[in-house]
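**Student:** Here it is, the structure, as C-alpha cells.
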Amino acid sequence: MSNVQVKSAVRAFEILEHFRLSQQPRTMSELSVDLGYPLSSTTVLLKTLVNLGYLNYDRVRRVYFPTPKVTGLGDWVPRALFGPSKIIDAMNDVHAQTSEGIFIGTRNDVYLQYLKTKQSIHALRFYIDEGTVRPITQSAAGWVLLSTMPDDKVENMVRRANIATPNPTERVLVSDIFRRIEEIRLRGYGWVEGVPFPGGATIAVLMPGTILESPVTLGLGGAQERVRKNFDKYLAALQDAARAAKSEEQFATPIHIEL
C-alpha cells in the first residue's frame, strides 16, 4: 500500500473521530482547518465518505454529519467483547467508590489498549480516550498483563515493544521489566507513579477471564498525591471488584479470525 493510500485511510478515520468529539455538523473548510488538511484532499475524502454512506451532506447549509452507518460499524463490538460480563459493572463500582479515572485494558500486539474508560470527576485529572494504545512497557496495567506471560515471551514482547517505541528515552531494559513483573506476581497488583503521566499514579489488578483470548486488567489512575493518600482504599476497591467479577466465568464469546 502506498504512502498516499495510508495517509488517506488515516485521514478518513480522523474525520470520523473529529465528529465524535465535536458532535455537530461541520463545513468542509472547518474540517480542513481543524484537521490541518489541504482543501483539495478534504474535498475528495468527504465526497468519498458521502458516496460510501458514512456522511450526510446538506447542500443548503453546506455541512457534513455522520449517518447511522457509522454507528453500525461498531455497535456490535461491546457485545462481542464483554457479552453479559461483570467487568463493566466492576469498572462502574470502582468509579462510584473513588471518582477517579477507571479503565479496562488488554493487550493489542505490543501495546496496552484502553478498551473502556470512565473519566475522573475530580478537578485535577488525566484524560485517556477509549481505544488509546501505548507500549505495553509504559504502564502499570501493561506490566500486569506481561506478568501473566512466560518469561521467554515477556523478553520477546519487551524487545518488540522497544522497536515500536519511536522515542529512545521511552525504551526500557528487559531487566527492569522483569523486576516490575516479579513485584506484581508477589503482591498481586501493579502500582507506579509518574508513568505514563508525570504527576500521575496508577494502580492495576488482573481481572478473571479474557477478552479476545487476552488477559484483562482493571486500572485506576489519578493525581499522584491523591492516589497515594487513598492508596489502601483504592486498592481494596479494585481487588473487591475483581473478586466480585470472578463469579462470571466467561466475559465474552471468543472471536476467532482466520488469517
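Residues in the C-alpha cells are named by chain (A, B, ... in the order shown) and by number from 1 within that chain; ligands are numbered from 1 in the order shown.
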What residues in region 14-248 of chain A get the DSSP label helix (DSSP H, G or I)? Please answer as a ChimeraX atom specification.
**Tutor:** /A:14-22,28-35,39-51,68-74,77-82,87-98,136-138,140-146,151-163,168-170,174-187,224-229,231-245
**Student:** Which residues of region 76-167 of chain A sit at most 10 Å from region 218-233 of chain A, using only C-alpha atoms? Give each one's shortest atom pair and distance in Å (one decimal place), in chain and ascending residue order, as CSV.
**Tutor:**
```
residue,atom,partner,partner_atom,distance
A:Ile87,CA,A:Leu218,CA,8.4
A:Ile88,CA,A:Leu218,CA,9.9
A:Ala90,CA,A:Leu218,CA,8.4
A:Met91,CA,A:Leu218,CA,7.2
A:Val94,CA,A:Leu220,CA,8.3
A:His95,CA,A:Leu220,CA,8.5
A:Gln97,CA,A:Lys233,CA,8.8
A:Thr98,CA,A:Lys233,CA,8.2
A:Ser99,CA,A:Gly222,CA,9.4
A:Glu100,CA,A:Gly222,CA,5.9
A:Gly101,CA,A:Gly221,CA,5.3
A:Ile102,CA,A:Leu220,CA,4.6
A:Phe103,CA,A:Gly219,CA,5.3
A:Ile104,CA,A:Leu218,CA,4.8
A:Gly105,CA,A:Leu218,CA,6.5
A:Thr106,CA,A:Leu218,CA,9.1
A:Tyr114,CA,A:Gly219,CA,9.7
A:Lys116,CA,A:Leu218,CA,9.7
A:Thr117,CA,A:Gly219,CA,9.4
A:Lys118,CA,A:Leu220,CA,9.6
A:Gln119,CA,A:Gly221,CA,9.4
A:Ser120,CA,A:Gly222,CA,7.6
A:His122,CA,A:Gly222,CA,8.7
A:Ala123,CA,A:Ala223,CA,9.9
A:Leu124,CA,A:Ala223,CA,6.6
A:Arg125,CA,A:Gly222,CA,5.8
A:Phe126,CA,A:Gly222,CA,6.4
A:Tyr127,CA,A:Gly222,CA,9.3
A:Ile128,CA,A:Gly221,CA,9.6
A:Ala140,CA,A:Gly219,CA,8.5
A:Ala141,CA,A:Gly219,CA,6.5
A:Val144,CA,A:Leu218,CA,9.6
```
**Student:** Within 10 Å of Pro215 (chain A), counting only C-alpha atoms, which residues show up once you throw out same-chain ones fewer than 5 positions away? Write them as a PDB file with N, CA and C atoms, in the first residue's frame, please.
**Tutor:**
```pdb
ATOM      1  N   GLY A 105      -8.267  -2.591  30.392  1.00  0.00           N
ATOM      2  CA  GLY A 105      -7.212  -2.682  29.388  1.00  0.00           C
ATOM      3  C   GLY A 105      -6.900  -4.117  29.022  1.00  0.00           C
ATOM      4  N   THR A 106      -6.438  -4.300  27.820  1.00  0.00           N
ATOM      5  CA  THR A 106      -5.978  -5.607  27.380  1.00  0.00           C
ATOM      6  C   THR A 106      -4.835  -5.425  26.398  1.00  0.00           C
ATOM      7  N   ARG A 107      -4.213  -6.531  25.997  1.00  0.00           N
ATOM      8  CA  ARG A 107      -3.066  -6.444  25.097  1.00  0.00           C
ATOM      9  C   ARG A 107      -3.521  -6.417  23.655  1.00  0.00           C
ATOM     10  N   VAL A 144       1.076  -5.562  34.400  1.00  0.00           N
ATOM     11  CA  VAL A 144       0.184  -6.598  34.932  1.00  0.00           C
ATOM     12  C   VAL A 144      -0.114  -7.629  33.845  1.00  0.00           C
ATOM     13  N   LEU A 145      -0.366  -7.162  32.625  1.00  0.00           N
ATOM     14  CA  LEU A 145      -0.611  -8.088  31.525  1.00  0.00           C
ATOM     15  C   LEU A 145       0.634  -8.914  31.214  1.00  0.00           C
ATOM     16  N   LEU A 146       1.792  -8.276  31.240  1.00  0.00           N
ATOM     17  CA  LEU A 146       3.040  -9.008  30.988  1.00  0.00           C
ATOM     18  C   LEU A 146       3.295 -10.072  32.055  1.00  0.00           C
ATOM     19  N   THR A 148       1.429 -12.152  33.263  1.00  0.00           N
ATOM     20  CA  THR A 148       0.720 -13.412  33.012  1.00  0.00           C
ATOM     21  C   THR A 148       1.440 -14.276  31.983  1.00  0.00           C
ATOM     22  N   MET A 149       2.508 -13.744  31.382  1.00  0.00           N
ATOM     23  CA  MET A 149       3.188 -14.445  30.299  1.00  0.00           C
ATOM     24  C   MET A 149       4.432 -15.172  30.796  1.00  0.00           C
ATOM     25  N   LEU A 206      -5.375  -7.686  37.942  1.00  0.00           N
ATOM     26  CA  LEU A 206      -5.788  -8.617  36.903  1.00  0.00           C
ATOM     27  C   LEU A 206      -7.235  -9.036  37.157  1.00  0.00           C
ATOM     28  N   MET A 207      -8.034  -9.046  36.102  1.00  0.00           N
ATOM     29  CA  MET A 207      -9.409  -9.493  36.200  1.00  0.00           C
ATOM     30  C   MET A 207      -9.509 -10.953  35.784  1.00  0.00           C
ATOM     31  N   PRO A 208     -10.527 -11.663  36.276  1.00  0.00           N
ATOM     32  CA  PRO A 208     -10.739 -13.040  35.813  1.00  0.00           C
ATOM     33  C   PRO A 208     -11.234 -13.035  34.376  1.00  0.00           C
ATOM     34  N   GLY A 209     -10.982 -14.113  33.660  1.00  0.00           N
ATOM     35  CA  GLY A 209     -11.464 -14.222  32.292  1.00  0.00           C
ATOM     36  C   GLY A 209     -10.562 -13.526  31.297  1.00  0.00           C
ATOM     37  N   THR A 210     -10.989 -13.544  30.043  1.00  0.00           N
ATOM     38  CA  THR A 210     -10.217 -12.940  28.965  1.00  0.00           C
ATOM     39  C   THR A 210     -11.140 -12.177  28.026  1.00  0.00           C
TER      40      THR A 210
END
```
**Student:** So that I can check the surroundings of Leu173 (chain A), please list as a list in words every protein, DNA and RNA residue that reaches within 10 Å of it, counting only C-alpha atoms and ignoring chain neighbours fewer than 3 positions away.
**Tutor:** Thr137, Glu155, Val158, Arg159, Asn162, Glu170, Asp176, Ile177 and Phe178 of chain A
**Student:** I need the chosen residues saved as a JSON list (two decimals), in the first residue's frame, with C-alpha atoms.
**Tutor:**
```json
[["chain", "number", "residue", "atom", "x", "y", "z"],
["A", 137, "THR", "CA", 6.06, -1.47, 28.72],
["A", 155, "GLU", "CA", 11.54, -10.84, 26.93],
["A", 158, "VAL", "CA", 9.69, -6.12, 25.57],
["A", 159, "ARG", "CA", 12.18, -6.19, 22.70],
["A", 162, "ASN", "CA", 11.08, -1.20, 22.23],
["A", 170, "GLU", "CA", 10.93, 5.61, 26.48],
["A", 176, "ASP", "CA", 13.75, -3.54, 34.64],
["A", 177, "ILE", "CA", 10.54, -5.07, 33.31],
["A", 178, "PHE", "CA", 11.35, -8.42, 34.91]]
```
**Student:** As a PyMOL selection string, please: all residues of region 81-166 of chain A that backbone DSSP puts in strand (DSSP E or B).
**Tutor:** chain A and resi 101-108+111-118+133-135
**Student:** Keeping only N, CA and C atoms, write the selected residues to a file as a short mmCIF file (atom, residue, chain, number, x, y, z; two decimals), in the first residue's frame.
**Tutor:**
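Written out: again_9.cif:
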```
data_model
loop_
_atom_site.label_atom_id
_atom_site.label_comp_id
_atom_site.auth_asym_id
_atom_site.auth_seq_id
_atom_site.Cartn_x
_atom_site.Cartn_y
_atom_site.Cartn_z
N GLY A 101 -10.30 8.17 37.51
CA GLY A 101 -10.37 7.59 36.17
C GLY A 101 -10.18 6.08 36.26
N ILE A 102 -11.10 5.33 35.67
CA ILE A 102 -11.06 3.87 35.72
C ILE A 102 -11.03 3.35 34.29
N PHE A 103 -10.29 2.28 34.06
CA PHE A 103 -10.22 1.75 32.70
C PHE A 103 -10.11 0.24 32.69
N ILE A 104 -10.53 -0.32 31.57
CA ILE A 104 -10.35 -1.74 31.29
C ILE A 104 -9.33 -1.83 30.16
N GLY A 105 -8.27 -2.59 30.39
CA GLY A 105 -7.21 -2.68 29.39
C GLY A 105 -6.90 -4.12 29.02
N THR A 106 -6.44 -4.30 27.82
CA THR A 106 -5.98 -5.61 27.38
C THR A 106 -4.83 -5.42 26.40
N ARG A 107 -4.21 -6.53 26.00
CA ARG A 107 -3.07 -6.44 25.10
C ARG A 107 -3.52 -6.42 23.65
N ASN A 108 -2.93 -5.52 22.88
CA ASN A 108 -3.13 -5.45 21.44
C ASN A 108 -1.75 -5.46 20.81
N TYR A 111 1.12 -3.53 22.50
CA TYR A 111 0.56 -2.36 23.16
C TYR A 111 -0.46 -2.75 24.24
N LEU A 112 -0.62 -1.86 25.20
CA LEU A 112 -1.77 -1.88 26.09
C LEU A 112 -2.83 -1.03 25.41
N GLN A 113 -4.06 -1.55 25.32
CA GLN A 113 -5.15 -0.77 24.75
C GLN A 113 -6.23 -0.56 25.81
N TYR A 114 -6.65 0.70 25.93
CA TYR A 114 -7.71 1.05 26.87
C TYR A 114 -9.05 0.81 26.18
N LEU A 115 -9.65 -0.36 26.43
CA LEU A 115 -10.88 -0.73 25.74
C LEU A 115 -12.07 0.10 26.22
N LYS A 116 -12.16 0.30 27.51
CA LYS A 116 -13.24 1.10 28.09
C LYS A 116 -12.65 2.02 29.15
N THR A 117 -13.15 3.25 29.20
CA THR A 117 -12.68 4.19 30.21
C THR A 117 -13.87 4.89 30.84
N LYS A 118 -13.70 5.29 32.07
CA LYS A 118 -14.67 6.11 32.78
C LYS A 118 -13.88 7.23 33.42
N VAL A 133 -3.91 3.49 22.61
CA VAL A 133 -2.89 2.45 22.82
C VAL A 133 -1.58 3.11 23.23
N ARG A 134 -0.82 2.42 24.03
CA ARG A 134 0.53 2.84 24.38
C ARG A 134 1.37 1.58 24.53
N PRO A 135 2.69 1.67 24.36
CA PRO A 135 3.53 0.48 24.51
C PRO A 135 3.25 -0.23 25.82
#
```
**Student:** What's the 12 Å shell around region 19-25 of chain A, counting only C-alpha atoms, without same-chain residues fewer than 6 positions away, as a CSV table (one decimal) with C-alpha atoms, in the first residue's frame?
**Tutor:**
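out-v9.csv was written with the following content:
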```
chain,number,residue,atom,x,y,z
A,12,ALA,CA,-10.8,9.2,6.9
A,13,PHE,CA,-10.7,7.9,10.4
A,31,LEU,CA,-12.8,20.3,8.8
A,34,ASP,CA,-9.4,21.9,12.3
A,35,LEU,CA,-7.5,18.9,11.0
A,54,TYR,CA,-20.9,7.3,6.2
A,55,LEU,CA,-21.5,11.1,6.0
A,56,ASN,CA,-24.6,13.1,5.1
A,57,TYR,CA,-24.1,16.3,3.1
A,58,ASP,CA,-26.7,19.2,3.5
A,61,ARG,CA,-26.2,24.6,4.8
A,62,ARG,CA,-23.1,23.0,3.2
A,63,VAL,CA,-22.4,20.9,6.2
A,64,TYR,CA,-21.5,17.3,6.8
A,65,PHE,CA,-22.6,15.0,9.6
A,66,PRO,CA,-22.2,11.2,10.2
A,67,THR,CA,-25.0,8.8,9.3
A,70,VAL,CA,-21.0,4.9,11.2
A,71,THR,CA,-22.7,3.7,14.4
A,129,ASP,CA,-9.7,8.3,25.4
A,130,GLU,CA,-11.2,4.9,24.8
```
**Student:** Any idea what's packed within 12 Å of Val44 (chain A), counting only C-alpha atoms, ignoring anything in its chain fewer than 4 positions away? Could you give it as a PyMOL selection string?
**Tutor:** chain A and resi 8+11-12+28+32+37-40+48-51
